[in-house]
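Since the structure comes first, as structure tokens, the remarks are kept for the end.
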Amino acid sequence: MTAPVVNRRPFGRWFREIGWRHVVGVAALIFSLFPVLFIISSSLNASGSLSSSGFFPSEFSLINYRDLLSGEDAPFLSWLWNTMLVAGGAAIANTAIAAFASYAFSRMRFAGRRAGLLSILLIQMFPTTLLFVALFVLVGDIGDIFPGLGLGSRLMLFIIYLGGALGVNTWLIKGYFDTIPRDLDESAIIDGATHAQIFFRVILPLAAPILAVVALITFVFTINEFLVASVVLGQGDAENFTLAVGMFRFVDGQGGEWGQFAAGSVMSGVPVVALFLFLQKYIVSGFTAGAVKG
């Protein structure tokens with residue numbers, strides 16, 4: 001038996017058709033992994049400095065993690081708990097409110113529906129920096145009446161985050177609801193279902209991908225948000241800080257504790273990665289199906 005003849009394409013043709021994609025993919029991977037590897041390397045640097053470590057420190061140590069978790073320099077675990085509490089609560093509550101609003105805009109016809117959709121979209125166009133002065137004064141005045149909701153209150157920060165991305169989330173979820181056939185609603189109505197039963201038993205189970213995506217986006221945004229959190233919490237007790245506000249104290253000033261800052265950054269990324277892996281089966285379908293109406 002003679003061996004089959006394999007026709008190999010010339011390298012130039014292979015590179016023009018397929019090879020360049022591999023090069024772009026590897027370059028993108030290196031570009032995205034470099035800052036992650038650098039911050040992990042810095043967190044393991046015993047000197048606690050970025051300038052003396054290079055990319056690979058001369059001595060690896062867990063001293064930065066030990067000092068951070070010990071709480072001697074800062075209450076890191078309290079910051080982590082505050083962040084998970086505010087971010088997790090905001091993600092769940094914001095997604096729920098956006099889902100209710102999206103169902104009304106998608107399935108019901110009422111006066112002011114189009115104006116309402118355009119209004120919540122236009123509101124999102126204004127940058128957050130326009131709110132700082134008004135937000136500081138408003139929260140301060142509210143704190144004079146209700147001390148538990150004044151400056152330094154985690155509950156007030158949570159309330160503010162509820163409306164942070166509500167407009168965008170409403171549009172994303174509405175776009176997904178529009179792809180769900182209305183025949184399902186009509187069949188449920190014939191069987192005697194109410195709007196609440198249709199929403200909870202028919203629409204929500206089918207909309208799990210977009211709900212997971214919206215919750216993930218809100219969670220990540222809330223963890224990384226610094227400006228609003230610094231306005232609300234910056235004047236209060238350090239025990240109530242979120243990670244973004246608290247960890248800024250490590251690098252605010254001369255020198256800075258860059259080693260502990262890097263260690264805190266690595267540990268603060270663990271919940272995000274864990275949630276991303278848990279929801280990954282919903283992410284692709286949630287993003288694509290909610291983008292256009294089928």
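Labels used: A, B, ... for chains in the order of the structure tokens, numbers from 1 for residues in each chain, and numbers from 1 for ligands as shown.
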Alpha helix (DSSP H) residues, from DSSP on the backbone, in stretch 53-130 of chain A, as number ranges by chain: A: 63-70, 76-107, 113-123
Find the residues near stretch 149-160 of chain A: any atom within 12 Å, counting only C-alpha atoms, skip ones fewer than 2 places away on the same chain, and give them as a compact mmCIF listing (two decimals) with C-alpha atoms, in the first residue's frame.
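Contents of around36.txt, freshly written:
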# COMPACT_ATOMS: atom_id res chain seq x y z
CA TRP A 79 -13.22 46.17 53.51
CA TRP A 81 -16.83 42.06 53.56
CA ASN A 82 -18.24 45.55 52.95
CA THR A 83 -17.48 45.27 49.24
CA MET A 84 -19.08 41.84 48.88
CA LEU A 85 -22.12 43.02 50.85
CA VAL A 86 -22.64 46.20 48.83
CA ALA A 87 -21.69 44.73 45.43
CA GLY A 88 -23.64 41.51 45.89
CA GLY A 89 -26.72 43.31 47.17
CA ALA A 90 -26.55 45.93 44.42
CA ALA A 91 -26.15 43.26 41.72
CA ILE A 92 -29.18 41.29 42.92
CA ALA A 93 -31.43 44.29 43.62
CA ASN A 94 -30.46 46.21 40.46
CA THR A 128 -21.00 60.57 36.96
CA LEU A 131 -23.19 64.25 40.49
CA PHE A 132 -20.38 64.61 43.01
CA LEU A 135 -24.42 63.95 45.90
CA PHE A 136 -22.17 65.11 48.71
CA VAL A 137 -24.59 67.86 49.79
CA LEU A 138 -27.66 65.63 49.44
CA VAL A 139 -26.20 62.75 51.43
CA GLY A 140 -24.99 65.16 54.10
CA ASP A 141 -28.45 66.72 54.44
CA ILE A 142 -30.11 63.30 54.59
CA GLY A 143 -27.65 62.30 57.31
CA ASP A 144 -28.78 65.24 59.43
CA ILE A 145 -32.31 63.81 59.42
CA PHE A 146 -31.50 60.08 59.29
CA PRO A 147 -28.01 59.53 60.78
CA LEU A 162 -29.25 50.78 42.74
CA GLY A 163 -29.77 53.48 40.15
CA GLY A 164 -26.23 53.60 38.78
CA ALA A 165 -26.68 51.40 35.71
CA LEU A 166 -30.43 50.85 35.88
CA THR A 218 -23.23 45.23 38.00
CA PHE A 219 -21.16 43.22 40.48
CA THR A 222 -19.59 48.03 41.94
CA ILE A 223 -16.38 46.37 43.11
CA GLU A 225 -16.14 51.83 41.49
CA PHE A 226 -14.09 54.37 43.45
CA LEU A 227 -15.31 57.93 42.89
CA VAL A 228 -18.85 57.69 44.28
CA ALA A 229 -17.70 55.39 47.08
CA SER A 230 -15.00 57.87 48.10
CA VAL A 231 -17.55 60.71 48.21
CA VAL A 232 -19.99 58.75 50.39
CA LEU A 233 -17.56 56.77 52.58
CA GLY A 234 -14.42 58.90 52.54
CA GLN A 235 -15.52 61.04 55.50
CA GLY A 236 -16.62 58.12 57.68
CA ASP A 237 -15.11 55.33 59.73
CA ALA A 238 -12.38 53.29 58.01
CA GLU A 239 -14.19 50.10 59.04
CA ASN A 240 -16.97 50.96 56.58
CA PHE A 241 -14.70 51.47 53.56
CA THR A 242 -15.02 49.36 50.45
CA VAL A 245 -11.61 53.34 48.94
I'd like the contact shell of stretch 34-47 of chain A - 6 Å cut-off, only C-alpha atoms, skipping same-chain residues fewer than 5 positions apart - returned as an NGL selection string. :A and (57 or 60-62 or 259 or 262-263)
Residue subset to file, keeping C-alpha atoms, as a JSON list (two decimals), in the first residue's frame:
[["chain", "number", "residue", "atom", "x", "y", "z"],
["A", 57, "PRO", "CA", 11.42, 39.82, 42.17],
["A", 60, "PHE", "CA", 9.43, 35.58, 46.64],
["A", 61, "SER", "CA", 7.50, 35.84, 49.88],
["A", 62, "LEU", "CA", 3.94, 35.79, 51.23],
["A", 259, "GLY", "CA", 3.23, 45.19, 48.08],
["A", 262, "ALA", "CA", -0.84, 44.33, 44.98],
["A", 263, "ALA", "CA", -1.77, 41.53, 47.39]]
So what do you get for atom CA of A:Gly175 versus atom CA of A:Pro127, distance-wise? 23.8 Å
Which neighbours of A:Val270 fall inside 12 Å, counting only C-alpha atoms, when residues of the same chain fewer than 4 positions from it are skipped, and could you give them as a compact mmCIF listing (two decimals) with N, CA and C atoms, in the first residue's frame?
# COMPACT_ATOMS: atom_id res chain seq x y z
N LEU A 80 -13.19 43.93 52.57
CA LEU A 80 -13.64 42.88 51.66
C LEU A 80 -15.09 42.51 51.93
N MET A 84 -18.23 42.94 49.29
CA MET A 84 -19.08 41.84 48.88
C MET A 84 -20.54 42.10 49.25
N VAL A 220 -19.24 43.52 39.03
CA VAL A 220 -17.88 43.95 38.71
C VAL A 220 -17.76 45.47 38.77
N ILE A 223 -17.65 46.65 42.45
CA ILE A 223 -16.38 46.37 43.11
C ILE A 223 -15.31 47.37 42.68
N ALA A 263 -1.16 42.72 46.78
CA ALA A 263 -1.77 41.53 47.39
C ALA A 263 -3.27 41.70 47.53
N GLY A 264 -3.71 42.89 47.93
CA GLY A 264 -5.14 43.15 48.03
C GLY A 264 -5.83 43.10 46.68
N SER A 265 -5.16 43.58 45.64
CA SER A 265 -5.74 43.54 44.30
C SER A 265 -5.93 42.10 43.83
N VAL A 266 -4.95 41.25 44.13
CA VAL A 266 -5.07 39.84 43.73
C VAL A 266 -6.23 39.18 44.46
N ALA A 274 -14.31 33.85 40.33
CA ALA A 274 -15.18 32.74 40.73
C ALA A 274 -16.60 32.93 40.19
N LEU A 275 -17.12 34.14 40.28
CA LEU A 275 -18.47 34.40 39.76
C LEU A 275 -18.50 34.29 38.24
N PHE A 276 -17.44 34.74 37.59
CA PHE A 276 -17.35 34.65 36.13
C PHE A 276 -17.35 33.19 35.69
N LEU A 277 -16.59 32.34 36.36
CA LEU A 277 -16.55 30.92 36.01
C LEU A 277 -17.89 30.26 36.28
